[in-house]
Every structure is written in structure tokens, then in C-alpha cells.
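Input: a single structure, listed below in C-alpha cells.
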Amino acid sequence: MPLVCEVTSANAADAAALAELRNAAADRLSERHGRGTWSGRCTERGVRFDMTRATVFVARHGPDIVGTMALGARKPWSIDVAYFTPVARPLYLTGMAVHPDYQRQGMGRAMIEESLRIARDWPADAIRLDAFDAPAGAGPFYERCGFRERGRRTYRTSPLVYYERVL
């Protein structure tokens, strides 16, 4: 049975908890797959910066923030739009993470479903994202959620897979 959570917009007061959540998720990936580009640490300042570039959402289970994602119309630096379906209003999904204590309970899928609802209300024509092209990457998860691979590219030193879901 999926974990029941409320997804709302994050605010500046959530920055410390979001940094802690993202670092816990990165640490878990590093434990399982070794160090890599997914091992980077996050700070409160970085979270607040992210809030200026996109709408950051949090999934709350009671008082705890157990998941996060960001949706925005601004293209992230790592995305090359040449790989995607031409649409007028794409949204970009970034910074998705679920706290390790809450993984494998349906939280990630619930957050994807919420991102689709938000995108349709925005309105947007598609959601685009990238995932690490490595065992630590979430590509298979995104495919199970209805996203389709659109291409592969190395951005700086990170091999990425681009995914898209046209709405």
C-alpha cells in the first residue's frame, strides 16, 4: 500500500530539511553504487537557490519531509532540447529525491503522478528530465512511470539519459 503524503510547495523554512533529505538520498546511492556524480552534497543555500529557478515541492508524511522534486519552465544546463519532441510549453523535472527510509513505498510514483497533475494545470505540453546513465540512475523507474527515453549525452563528465513524457 503506498505511503499517504501531502505534496505542497516548499518554502524557505524547508531548506534545511530538504538539504538533509537530498544528502541522505545521495549517501544511499553512494553506499549502493560507489562514489559518482550522484554523491554530491547539497546545502541549504543550494536549496534556496533552486527555489529561485523552479517551484520546489515537498512530500510530507506527518511533520516529516520525505520527498522532493522541482518543476520549472527554465531549461536546466544539462538538457539539450534537440533530443526532445518540439512542444510550446515544456516543464523540467529536477531534484527528485525520496528519503531512504521511505523508498520502495510508492512515494516516487506518487510524486510523479503529482508532477503530471501540476503540469496539466500549469499548463504544460510535456515533462522532461535527465537521469544518470549508470546503475545509480533512475531511468528504469522513469520508464515504468511512462517516460520515454529520448537520447543519451555526456554533460561535462556525467553520462545522462534524457526522458520525456508528452502530455
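Each chain in the C-alpha cells gets a letter, A, B, ..., in the order shown, and its residues are numbered from 1; ligands are numbered from 1 in order too.
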- request: Just the residues within 12 Å of stretch 101-113 of chain A, please, counting only C-alpha atoms, with nothing from its chain fewer than 2 positions along; format it as an NGL selection string.
  value: :A and (1-8 or 21 or 24-25 or 28-29 or 56-61 or 64-71 or 93-99 or 115-120 or 127-129 or 138 or 141-147 or 165)
Selection to disk with C-alpha atoms, as a PDB file, in the first residue's frame:
```
ATOM      1  CA  MET A   1       0.000   0.000   0.000  1.00  0.00           C
ATOM      2  CA  PRO A   2       1.503   3.382  -0.989  1.00  0.00           C
ATOM      3  CA  LEU A   3       2.520   5.773   1.732  1.00  0.00           C
ATOM      4  CA  VAL A   4      -0.003   8.606   2.084  1.00  0.00           C
ATOM      5  CA  CYS A   5       1.596  12.031   1.859  1.00  0.00           C
ATOM      6  CA  GLU A   6       0.645  15.579   1.088  1.00  0.00           C
ATOM      7  CA  VAL A   7       2.607  17.315  -1.694  1.00  0.00           C
ATOM      8  CA  THR A   8       2.881  21.088  -1.343  1.00  0.00           C
ATOM      9  CA  LEU A  21      16.871  14.656   2.590  1.00  0.00           C
ATOM     10  CA  ALA A  24      20.618  11.176   2.692  1.00  0.00           C
ATOM     11  CA  ALA A  25      19.460  10.050  -0.769  1.00  0.00           C
ATOM     12  CA  ARG A  28      22.381   5.876  -0.021  1.00  0.00           C
ATOM     13  CA  LEU A  29      23.232   5.886  -3.747  1.00  0.00           C
ATOM     14  CA  VAL A  56      10.229  23.084  -5.386  1.00  0.00           C
ATOM     15  CA  PHE A  57       7.676  20.675  -3.959  1.00  0.00           C
ATOM     16  CA  VAL A  58       7.824  18.585  -0.816  1.00  0.00           C
ATOM     17  CA  ALA A  59       6.028  15.413   0.145  1.00  0.00           C
ATOM     18  CA  ARG A  60       5.154  15.413   3.824  1.00  0.00           C
ATOM     19  CA  HIS A  61       4.281  12.413   5.917  1.00  0.00           C
ATOM     20  CA  ASP A  64       8.428  14.875   8.122  1.00  0.00           C
ATOM     21  CA  ILE A  65       9.548  15.875   4.630  1.00  0.00           C
ATOM     22  CA  VAL A  66      10.044  12.528   2.909  1.00  0.00           C
ATOM     23  CA  GLY A  67      10.327  13.517  -0.755  1.00  0.00           C
ATOM     24  CA  THR A  68      11.075  16.442  -3.008  1.00  0.00           C
ATOM     25  CA  MET A  69      11.056  17.466  -6.648  1.00  0.00           C
ATOM     26  CA  ALA A  70      11.224  20.686  -8.614  1.00  0.00           C
ATOM     27  CA  LEU A  71       9.265  21.712 -11.697  1.00  0.00           C
ATOM     28  CA  LEU A  93      11.576  17.913 -13.545  1.00  0.00           C
ATOM     29  CA  THR A  94      14.735  18.201 -11.443  1.00  0.00           C
ATOM     30  CA  GLY A  95      15.968  17.411  -7.966  1.00  0.00           C
ATOM     31  CA  MET A  96      13.653  14.484  -7.346  1.00  0.00           C
ATOM     32  CA  ALA A  97      14.588  12.528  -4.233  1.00  0.00           C
ATOM     33  CA  VAL A  98      12.895  10.317  -1.678  1.00  0.00           C
ATOM     34  CA  HIS A  99      14.378   9.884   1.771  1.00  0.00           C
ATOM     35  CA  SER A 115       4.020  16.277 -11.208  1.00  0.00           C
ATOM     36  CA  LEU A 116       1.737  15.214 -14.076  1.00  0.00           C
ATOM     37  CA  ARG A 117      -1.285  16.814 -12.400  1.00  0.00           C
ATOM     38  CA  ILE A 118       0.665  20.013 -11.773  1.00  0.00           C
ATOM     39  CA  ALA A 119       1.946  20.061 -15.365  1.00  0.00           C
ATOM     40  CA  ARG A 120      -1.549  19.696 -16.809  1.00  0.00           C
ATOM     41  CA  ILE A 127       7.716  16.951 -18.760  1.00  0.00           C
ATOM     42  CA  ARG A 128      11.413  16.493 -19.496  1.00  0.00           C
ATOM     43  CA  LEU A 129      14.197  15.262 -17.260  1.00  0.00           C
ATOM     44  CA  ALA A 138      16.647   6.244 -12.015  1.00  0.00           C
ATOM     45  CA  PHE A 141      11.885   3.978 -12.667  1.00  0.00           C
ATOM     46  CA  TYR A 142      11.011   6.822 -15.051  1.00  0.00           C
ATOM     47  CA  GLU A 143      10.250   4.335 -17.819  1.00  0.00           C
ATOM     48  CA  ARG A 144       7.862   2.461 -15.508  1.00  0.00           C
ATOM     49  CA  CYS A 145       6.170   5.826 -14.872  1.00  0.00           C
ATOM     50  CA  GLY A 146       5.503   6.328 -18.589  1.00  0.00           C
ATOM     51  CA  PHE A 147       8.509   8.430 -19.585  1.00  0.00           C
ATOM     52  CA  ARG A 165       6.523  12.384 -21.163  1.00  0.00           C
TER      53      ARG A 165
END
```
So that I can check the surroundings of A:Pro159, please list as a PDB file with C-alpha atoms, in the first residue's frame every protein, DNA and RNA residue that reaches within 12 Å of it, counting only C-alpha atoms and ignoring chain neighbours fewer than 6 positions away.
```
ATOM      1  CA  GLY A  36      29.941   9.175  -8.520  1.00  0.00           C
ATOM      2  CA  THR A  37      28.310  12.356  -9.736  1.00  0.00           C
ATOM      3  CA  TRP A  38      25.258  11.370  -7.651  1.00  0.00           C
ATOM      4  CA  SER A  78      22.443  19.733 -18.706  1.00  0.00           C
ATOM      5  CA  ILE A  79      19.449  19.439 -21.056  1.00  0.00           C
ATOM      6  CA  ASP A 130      17.585  13.653 -17.225  1.00  0.00           C
ATOM      7  CA  ALA A 131      18.874  10.705 -15.229  1.00  0.00           C
ATOM      8  CA  PHE A 132      22.351   9.321 -14.676  1.00  0.00           C
ATOM      9  CA  ASP A 133      23.295   6.702 -17.262  1.00  0.00           C
ATOM     10  CA  ALA A 134      24.708   4.445 -14.558  1.00  0.00           C
ATOM     11  CA  PRO A 135      23.454   1.820 -12.137  1.00  0.00           C
ATOM     12  CA  ALA A 136      22.695   4.680  -9.727  1.00  0.00           C
ATOM     13  CA  GLY A 137      20.429   6.328 -12.301  1.00  0.00           C
ATOM     14  CA  GLY A 151      18.616  10.304 -26.070  1.00  0.00           C
ATOM     15  CA  ARG A 152      21.925   9.945 -24.303  1.00  0.00           C
ATOM     16  CA  ARG A 153      24.605  12.542 -23.802  1.00  0.00           C
TER      17      ARG A 153
END
```
Counting only C-alpha atoms, which residues of stretch 6-60 of chain A sit at most 12 Å from some atom of stretch 89-92 of chain A, and what is each one's closest atom pair with its distance in Å to one decimal, listed by chain and rising residue number, as CSV?
```
residue,atom,partner,partner_atom,distance
A:Arg53,CA,A:Tyr92,CA,10.8
A:Ala54,CA,A:Tyr92,CA,8.7
A:Thr55,CA,A:Tyr92,CA,10.4
A:Val56,CA,A:Tyr92,CA,11.5
```
task: May I ask which of the residues A:Thr52, A:Gly72, A:Trp77, A:Pro100 is the closest one to A:Asn23, counting only C-alpha atoms?
output: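 Closest to A:Asn23 of all the choices is A:Pro100.
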message: Rounded to one decimal, what separation in Å do you get between atom CA of A:Val161 and atom CA of A:Ala17?
response: 28.4 Å
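Separating atom CA of A:Ala73 from atom CA of A:Glu114 is a distance of 16.5 Å.
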- prompt: Hey, what does DSSP flag as alpha helix (DSSP H) within chain A? Can you give it to me as a PyMOL selection string?
  reply: chain A and resi 15-33+44-53+107-121+139-144
As a CSV table (one decimal) with C-alpha atoms, in the first residue's frame, please: every residue in chain A that a backbone DSSP assignment puts in strand (DSSP E).
```csv
chain,number,residue,atom,x,y,z
A,6,GLU,CA,0.6,15.6,1.1
A,7,VAL,CA,2.6,17.3,-1.7
A,8,THR,CA,2.9,21.1,-1.3
A,9,SER,CA,5.2,23.9,-2.5
A,55,THR,CA,8.9,25.5,-8.0
A,56,VAL,CA,10.2,23.1,-5.4
A,57,PHE,CA,7.7,20.7,-4.0
A,58,VAL,CA,7.8,18.6,-0.8
A,59,ALA,CA,6.0,15.4,0.1
A,60,ARG,CA,5.2,15.4,3.8
A,61,HIS,CA,4.3,12.4,5.9
A,64,ASP,CA,8.4,14.9,8.1
A,65,ILE,CA,9.5,15.9,4.6
A,66,VAL,CA,10.0,12.5,2.9
A,67,GLY,CA,10.3,13.5,-0.8
A,68,THR,CA,11.1,16.4,-3.0
A,69,MET,CA,11.1,17.5,-6.6
A,70,ALA,CA,11.2,20.7,-8.6
A,71,LEU,CA,9.3,21.7,-11.7
A,72,GLY,CA,10.1,24.7,-13.8
A,90,PRO,CA,7.7,22.0,-21.6
A,91,LEU,CA,8.4,21.7,-17.9
A,92,TYR,CA,11.6,20.3,-16.5
A,93,LEU,CA,11.6,17.9,-13.5
A,94,THR,CA,14.7,18.2,-11.4
A,95,GLY,CA,16.0,17.4,-8.0
A,96,MET,CA,13.7,14.5,-7.3
A,97,ALA,CA,14.6,12.5,-4.2
A,98,VAL,CA,12.9,10.3,-1.7
A,126,ALA,CA,5.5,17.7,-21.7
A,127,ILE,CA,7.7,17.0,-18.8
A,128,ARG,CA,11.4,16.5,-19.5
A,129,LEU,CA,14.2,15.3,-17.3
A,130,ASP,CA,17.6,13.7,-17.2
A,131,ALA,CA,18.9,10.7,-15.2
A,132,PHE,CA,22.4,9.3,-14.7
A,148,ARG,CA,10.3,7.6,-22.8
A,149,GLU,CA,14.0,7.7,-23.5
A,150,ARG,CA,14.8,10.5,-26.0
A,151,GLY,CA,18.6,10.3,-26.1
A,152,ARG,CA,21.9,9.9,-24.3
A,153,ARG,CA,24.6,12.5,-23.8
A,154,THR,CA,27.6,13.2,-21.6
A,155,TYR,CA,27.3,16.6,-19.9
A,158,SER,CA,28.2,12.9,-16.3
A,159,PRO,CA,26.7,10.4,-18.8
A,160,LEU,CA,23.0,11.2,-18.9
A,161,VAL,CA,19.8,9.7,-20.4
A,162,TYR,CA,17.1,12.2,-21.4
A,163,TYR,CA,13.5,11.2,-20.7
A,164,GLU,CA,10.2,12.9,-21.7
A,165,ARG,CA,6.5,12.4,-21.2
A,166,VAL,CA,4.3,14.3,-23.6
```
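Note that the spacing between atom CA of A:Arg156 and atom CA of A:Arg22 amounts to 21.6 Å.
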